[in-house]
Each structure stands twice: as C-alpha cells, then as structure tokens.
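A.B. asks: My file is structure.cif. It has mmCIF, C-alpha atoms:
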```cif
data_final
loop_
_atom_site.group_PDB
_atom_site.id
_atom_site.type_symbol
_atom_site.label_atom_id
_atom_site.label_comp_id
_atom_site.auth_asym_id
_atom_site.auth_seq_id
_atom_site.Cartn_x
_atom_site.Cartn_y
_atom_site.Cartn_z
ATOM 1 C CA MET U 154 1.160 -14.316 -8.578
ATOM 2 C CA THR U 155 1.877 -14.882 -4.894
ATOM 3 C CA PRO U 156 0.040 -17.539 -2.859
ATOM 4 C CA SER U 157 -1.951 -14.810 -1.087
ATOM 5 C CA GLU U 158 -3.366 -13.280 -4.299
ATOM 6 C CA PRO U 159 -6.815 -14.577 -5.265
ATOM 7 C CA GLN U 160 -7.365 -15.254 -8.955
ATOM 8 C CA ASN U 161 -10.946 -13.917 -9.200
ATOM 9 C CA ALA U 162 -10.443 -10.530 -7.550
ATOM 10 C CA LEU U 163 -11.226 -7.055 -8.856
ATOM 11 C CA THR U 164 -7.784 -5.470 -9.223
ATOM 12 C CA LEU U 165 -6.063 -2.080 -9.552
ATOM 13 C CA THR U 166 -2.331 -1.967 -10.344
ATOM 14 C CA THR U 167 0.189 0.857 -10.623
ATOM 15 C CA ARG U 168 3.865 0.698 -11.554
ATOM 16 C CA GLN U 169 6.685 3.144 -11.010
ATOM 17 C CA VAL U 170 10.473 3.045 -11.002
ATOM 18 C CA LEU U 171 12.239 4.825 -8.146
ATOM 19 C CA ALA U 172 15.932 5.718 -8.190
ATOM 20 C CA VAL U 173 16.641 3.869 -4.925
ATOM 21 C CA LYS U 174 17.354 0.273 -3.989
ATOM 22 C CA PRO U 175 14.430 -2.054 -3.252
ATOM 23 C CA GLN U 176 15.716 -2.306 0.340
ATOM 24 C CA ALA U 177 15.038 1.420 0.884
ATOM 25 C CA VAL U 178 11.474 1.087 -0.409
ATOM 26 C CA PHE U 179 10.849 -2.001 1.735
ATOM 27 C CA LYS U 180 12.238 -0.290 4.829
ATOM 28 C CA LEU U 181 9.912 2.697 4.370
ATOM 29 C CA LEU U 182 6.857 0.534 3.661
ATOM 30 C CA THR U 183 7.417 -1.569 6.779
ATOM 31 C CA ASP U 184 8.020 1.359 9.158
ATOM 32 C CA PHE U 185 4.339 1.607 10.076
ATOM 33 C CA PRO U 186 4.612 4.325 12.771
ATOM 34 C CA ALA U 187 6.351 6.626 10.247
ATOM 35 C CA TYR U 188 3.466 6.698 7.734
ATOM 36 C CA GLY U 189 2.030 9.838 9.332
ATOM 37 C CA ALA U 190 5.220 11.748 8.457
ATOM 38 C CA TRP U 191 5.248 10.961 4.742
ATOM 39 C CA ALA U 192 1.653 9.874 3.993
ATOM 40 C CA PRO U 193 -0.553 11.861 6.407
ATOM 41 C CA PHE U 194 -3.778 10.574 4.804
ATOM 42 C CA LEU U 195 -2.929 7.036 5.992
ATOM 43 C CA THR U 196 -2.180 5.923 9.543
ATOM 44 C CA LEU U 197 -1.034 2.384 10.235
ATOM 45 C CA ALA U 198 -0.570 1.284 13.801
ATOM 46 C CA PRO U 199 -0.244 -2.030 15.577
ATOM 47 C CA ALA U 200 -3.684 -3.357 16.519
ATOM 48 C CA GLY U 201 -4.968 -3.297 20.104
ATOM 49 C CA LYS U 202 -3.236 -4.673 23.186
ATOM 50 C CA HIS U 203 -4.276 -8.291 22.674
ATOM 51 C CA ALA U 204 -3.594 -8.486 18.945
ATOM 52 C CA GLU U 205 -1.451 -11.168 17.363
ATOM 53 C CA ALA U 206 1.795 -10.296 15.584
ATOM 54 C CA GLY U 207 1.215 -8.698 12.189
ATOM 55 C CA GLN U 208 -2.216 -7.281 12.972
ATOM 56 C CA LEU U 209 -2.667 -3.614 12.114
ATOM 57 C CA ASP U 210 -5.218 -0.838 12.478
ATOM 58 C CA PHE U 211 -5.668 1.297 9.362
ATOM 59 C CA ARG U 212 -7.093 4.810 9.407
ATOM 60 C CA ILE U 213 -7.504 6.186 5.914
ATOM 61 C CA ARG U 214 -8.641 9.712 5.125
ATOM 62 C CA VAL U 215 -10.436 9.567 1.790
ATOM 63 C CA GLY U 216 -11.182 12.731 -0.132
ATOM 64 C CA LYS U 217 -13.204 15.240 1.860
ATOM 65 C CA LEU U 218 -14.732 12.825 4.348
ATOM 66 C CA PRO U 219 -14.820 14.521 7.772
ATOM 67 C CA ILE U 220 -13.517 11.421 9.577
ATOM 68 C CA PRO U 221 -11.113 8.713 8.436
ATOM 69 C CA ILE U 222 -12.285 5.248 7.475
ATOM 70 C CA SER U 223 -10.971 2.732 10.022
ATOM 71 C CA MET U 224 -10.292 -0.901 9.162
ATOM 72 C CA ALA U 225 -8.631 -3.809 10.880
ATOM 73 C CA GLY U 226 -5.864 -5.440 8.923
ATOM 74 C CA GLU U 227 -3.091 -7.960 8.999
ATOM 75 C CA ILE U 228 0.187 -8.534 7.204
ATOM 76 C CA VAL U 229 -0.234 -11.645 5.079
ATOM 77 C CA THR U 230 3.114 -11.765 3.245
ATOM 78 C CA GLN U 231 6.478 -10.279 4.067
ATOM 79 C CA GLN U 232 9.556 -11.266 2.051
ATOM 80 C CA PRO U 233 12.292 -8.666 2.566
ATOM 81 C CA PRO U 234 13.234 -6.772 0.471
ATOM 82 C CA ARG U 235 10.920 -7.722 -2.381
ATOM 83 C CA LEU U 236 7.355 -8.199 -1.188
ATOM 84 C CA ILE U 237 4.910 -7.047 1.460
ATOM 85 C CA ALA U 238 1.154 -7.510 1.464
ATOM 86 C CA TRP U 239 -1.588 -6.741 3.930
ATOM 87 C CA ARG U 240 -5.278 -7.484 4.020
ATOM 88 C CA MET U 241 -7.851 -5.098 5.476
ATOM 89 C CA GLY U 242 -11.591 -4.864 5.780
ATOM 90 C CA GLY U 243 -14.266 -7.350 6.727
ATOM 91 C CA TYR U 244 -18.029 -7.894 6.607
ATOM 92 C CA GLY U 245 -17.954 -9.768 3.314
ATOM 93 C CA ILE U 246 -15.479 -7.537 1.506
ATOM 94 C CA ARG U 247 -11.718 -7.196 1.912
ATOM 95 C CA LEU U 248 -8.871 -5.389 0.219
ATOM 96 C CA LEU U 249 -5.516 -7.072 -0.344
ATOM 97 C CA GLU U 250 -2.756 -4.497 -0.905
ATOM 98 C CA THR U 251 0.577 -5.712 -2.253
ATOM 99 C CA PHE U 252 3.889 -3.998 -2.971
ATOM 100 C CA ARG U 253 6.290 -6.015 -5.126
ATOM 101 C CA LEU U 254 9.764 -4.524 -5.419
ATOM 102 C CA ASP U 255 11.987 -5.628 -8.282
ATOM 103 C CA PRO U 256 15.582 -4.468 -8.792
ATOM 104 C CA VAL U 257 16.108 -2.757 -12.138
ATOM 105 C CA PRO U 258 19.155 -0.857 -13.468
ATOM 106 C CA GLN U 259 17.500 2.482 -12.561
ATOM 107 C CA GLY U 260 16.723 1.389 -8.954
ATOM 108 C CA ALA U 261 13.518 -0.318 -7.869
ATOM 109 C CA ARG U 262 10.390 -1.105 -9.848
ATOM 110 C CA VAL U 263 7.421 -0.815 -7.465
ATOM 111 C CA ILE U 264 4.341 -2.756 -8.503
ATOM 112 C CA HIS U 265 1.489 -1.697 -6.229
ATOM 113 C CA THR U 266 -1.669 -3.786 -6.415
ATOM 114 C CA VAL U 267 -4.984 -3.530 -4.585
ATOM 115 C CA GLN U 268 -7.470 -6.372 -4.956
ATOM 116 C CA CYS U 269 -11.041 -6.553 -3.760
ATOM 117 C CA VAL U 270 -12.275 -9.991 -2.642
ATOM 118 C CA GLY U 271 -15.173 -11.417 -0.682
ATOM 119 C CA GLY U 272 -18.840 -12.234 -1.104
ATOM 120 C CA LEU U 273 -19.884 -8.605 -1.564
ATOM 121 C CA LYS U 274 -17.243 -7.713 -4.163
ATOM 122 C CA GLY U 275 -19.815 -7.963 -6.968
ATOM 123 C CA VAL U 276 -22.066 -5.418 -5.256
ATOM 124 C CA LEU U 277 -19.577 -3.048 -3.598
ATOM 125 C CA GLY U 278 -16.212 -3.907 -5.140
ATOM 126 C CA GLU U 279 -16.111 -1.507 -8.082
ATOM 127 C CA SER U 280 -17.123 1.541 -6.029
ATOM 128 C CA LEU U 281 -14.756 0.540 -3.210
ATOM 129 C CA LEU U 282 -11.847 0.262 -5.642
ATOM 130 C CA ARG U 283 -12.750 3.606 -7.229
ATOM 131 C CA THR U 284 -12.659 5.216 -3.778
ATOM 132 C CA TYR U 285 -9.508 3.420 -2.645
ATOM 133 C CA GLY U 286 -7.844 4.047 -6.011
ATOM 134 C CA GLY U 287 -7.391 7.703 -5.003
ATOM 135 C CA VAL U 288 -5.680 6.642 -1.777
ATOM 136 C CA MET U 289 -3.514 4.209 -3.734
ATOM 137 C CA ARG U 290 -2.357 6.927 -6.149
ATOM 138 C CA GLN U 291 -1.672 9.344 -3.256
ATOM 139 C CA LEU U 292 0.409 6.648 -1.577
ATOM 140 C CA ASP U 293 2.427 6.081 -4.773
ATOM 141 C CA VAL U 294 3.143 9.820 -5.095
ATOM 142 C CA ALA U 295 4.062 10.138 -1.400
ATOM 143 C CA LEU U 296 6.368 7.119 -1.626
ATOM 144 C CA ALA U 297 8.190 8.569 -4.625
ATOM 145 C CA ARG U 298 8.427 12.001 -2.996
ATOM 146 C CA ARG U 299 9.848 10.587 0.232
ATOM 147 C CA LEU U 300 12.446 8.345 -1.443
ATOM 148 C CA THR U 301 13.729 10.454 -4.315
ATOM 149 C CA LYS U 302 15.593 13.696 -4.008
ATOM 150 C CA PRO U 303 14.542 16.622 -6.165
ATOM 151 C CA ARG U 304 16.812 17.015 -9.152
ATOM 152 C CA LYS U 305 18.478 20.324 -9.923
ATOM 153 C CA ILE U 306 17.490 21.850 -13.222
ATOM 154 C CA HIS U 307 20.498 23.005 -15.211
ATOM 155 C CA ARG U 308 20.016 25.733 -17.795
#
```
Could I get this structure in the form of structure tokens?
C.D. replies:
Amino acid sequence: MTPSEPQNALTLTTRQVLAVKPQAVFKLLTDFPAYGAWAPFLTLAPAGKHAEAGQLDFRIRVGKLPIPISMAGEIVTQQPPRLIAWRMGGYGIRLLETFRLDPVPQGARVIHTVQCVGGLKGVLGESLLRTYGGVMRQLDVALARRLTKPRKIHR
C-alpha cells in the first residue's frame, strides 16, 4: 500500500501483463495530452491558467451520456517508472486512481486500482464505482491495445 492509499476505501482492481517494459507504460500514462489519441473516452489536460503543478482537468465520457463528466484532479504520487496516482472529484466523494507497474519476465504487470473515499462514499460510492468501473476497463483495454503489437497468426 502506498502512503496515498486510504485503508477504508471502496476499491476496484484490475491486473494485466503487457509485453513491454514498465518504462513504456509509465511514459504513455504520463503523456496527458496524448490520451485523446489512444483513449478517446478520457481527456486529461492541465488545469486552468492559475493551477498549481500536477493539477489536471478530467473529462470522462461514460456510456451513452450525451456530455462527458468533468472533474478536477491532481497527481498525488509519481515514482517513475513504477507508480502514478491521481485523485479526482470533490463534494464529499473522491476517486483515487493508481497504476502500479512491476517488471516481470514477460514485460510489465499493470495493477490498476480505483478507490472511492470521502464522507459520501457510503451513499454514492458503490454506484460511482460501478459507473467508473466501465471507464477503468476501457482504459485497460486501450492501454494494452496501444502498447502491444498485434501478433501474426501462423497456420
């Protein structure tokens, strides 16, 4: 557990192994302007003109909603090339999204975690995680697609 991970959070976790080095995964995850090219349902951009370093604006298109959900966020942990985490949300409920990258013989193990914290997590947390879980899975698929080359099928 990293110092930024609360112990009493509602949590979703996925794991996948990608046939690339952890450095390649970290580089892609931290290139915020490029998200639109490989994960068009998620836009990350530096926050407004007077924002502090590490503050981000998130625009997330969820399912068939006509407009994206917008949230303010900030990077809370960045340890190249093994860990990046950002927090987003507000008004009594926040999401903490973490990517831990571990080297393995096959490449990089990506452990992707989303945690819901805050005073309203008991009321809204489960439904928020269900909704964001779809975005999380789309992001995992897009990450794998962008970083791994299609394999030729030999017959």
A.B. asks: So how far away is CA of Met241 (chain U) from CA of Phe211 (chain U), in Å?
C.D. replies: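 Between CA of Phe211 (chain U) and CA of Met241 (chain U) the gap works out to 7.8 Å.
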A.B. asks: May I ask for the distance between CA of Asp210 (chain U) and CA of Phe179 (chain U), given in Å to one decimal place?
C.D. replies: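 So the two atoms, CA of Asp210 (chain U) and CA of Phe179 (chain U), lie 19.4 Å apart.
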A.B. asks: As an exercise, work out the distance from CA of Gly207 (chain U) to CA of Pro219 (chain U) in Å and give it to one decimal place.
C.D. replies: 28.6 Å
A.B. asks: What do you get, as a list of chain:residue names, if you spell out every residue that the PyMOL selection byres ((chain U and resi 248-251) around 8) selects here?
C.D. replies: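 Answer for the PyMOL selection byres ((chain U and resi 248-251) around 8): U:Glu158, U:Leu236, U:Ile237, U:Ala238, U:Trp239, U:Arg240, U:Met241, U:Gly242, U:Ile246, U:Arg247, U:Phe252, U:Arg253, U:Ile264, U:His265, U:Thr266, U:Val267, U:Gln268, U:Cys269, U:Val270.
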A.B. asks: Give as a PyMOL selection string the residues that the PyMOL selection byres ((chain U and resi 173) around 10) matches when applied to the coordinates above.
C.D. replies: chain U and resi 170-172+174-178+256-257+259-262+297+300-302
A.B. asks: Residues as selected, C-alpha atoms, written as an mmCIF file, in the frame of the given file, can you do that?
C.D. replies:
```
data_model
loop_
_atom_site.group_PDB
_atom_site.id
_atom_site.type_symbol
_atom_site.label_atom_id
_atom_site.label_comp_id
_atom_site.auth_asym_id
_atom_site.auth_seq_id
_atom_site.Cartn_x
_atom_site.Cartn_y
_atom_site.Cartn_z
ATOM 1 C CA VAL U 170 10.473 3.045 -11.002
ATOM 2 C CA LEU U 171 12.239 4.825 -8.146
ATOM 3 C CA ALA U 172 15.932 5.718 -8.190
ATOM 4 C CA LYS U 174 17.354 0.273 -3.989
ATOM 5 C CA PRO U 175 14.430 -2.054 -3.252
ATOM 6 C CA GLN U 176 15.716 -2.306 0.340
ATOM 7 C CA ALA U 177 15.038 1.420 0.884
ATOM 8 C CA VAL U 178 11.474 1.087 -0.409
ATOM 9 C CA PRO U 256 15.582 -4.468 -8.792
ATOM 10 C CA VAL U 257 16.108 -2.757 -12.138
ATOM 11 C CA GLN U 259 17.500 2.482 -12.561
ATOM 12 C CA GLY U 260 16.723 1.389 -8.954
ATOM 13 C CA ALA U 261 13.518 -0.318 -7.869
ATOM 14 C CA ARG U 262 10.390 -1.105 -9.848
ATOM 15 C CA ALA U 297 8.190 8.569 -4.625
ATOM 16 C CA LEU U 300 12.446 8.345 -1.443
ATOM 17 C CA THR U 301 13.729 10.454 -4.315
ATOM 18 C CA LYS U 302 15.593 13.696 -4.008
#
```
A.B. asks: When you count only C-alpha atoms, which of these residues is closest to Arg235 (chain U): U:Leu182, U:Ile220, U:Ala192, U:Val294?
C.D. replies: U:Leu182
A.B. asks: Near Tyr188 (chain U), counting all atoms listed in the file, which residues have an atom at most 10 Å away, once you skip same-chain residues fewer than 5 positions from it, shown as a tab-separated table (two decimals) with C-alpha atoms, keeping the file's coordinate frame?
C.D. replies:
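Once everything was written out, this is out-v9.tsv:
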```
chain	number	residue	atom	x	y	z
U	181	LEU	CA	9.91	2.70	4.37
U	182	LEU	CA	6.86	0.53	3.66
U	183	THR	CA	7.42	-1.57	6.78
U	193	PRO	CA	-0.55	11.86	6.41
U	194	PHE	CA	-3.78	10.57	4.80
U	195	LEU	CA	-2.93	7.04	5.99
U	196	THR	CA	-2.18	5.92	9.54
U	197	LEU	CA	-1.03	2.38	10.24
U	198	ALA	CA	-0.57	1.28	13.80
U	292	LEU	CA	0.41	6.65	-1.58
U	295	ALA	CA	4.06	10.14	-1.40
U	296	LEU	CA	6.37	7.12	-1.63
```
A.B. asks: Which one is closest to Thr164 (chain U): U:Trp191, U:Asp293, U:Arg283, U:Asp184? Count all atoms listed in the file.
C.D. replies: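 That would be U:Arg283, the residue with the smallest distance to Thr164 (chain U).
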A.B. asks: Smallest atom-to-atom distance to Arg212 (chain U): which of U:Met224, U:Gln232, U:Gly245, U:Gln169, using only C-alpha atoms?
C.D. replies: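 Looking at the shortest contact to Arg212 (chain U), the residue is U:Met224.
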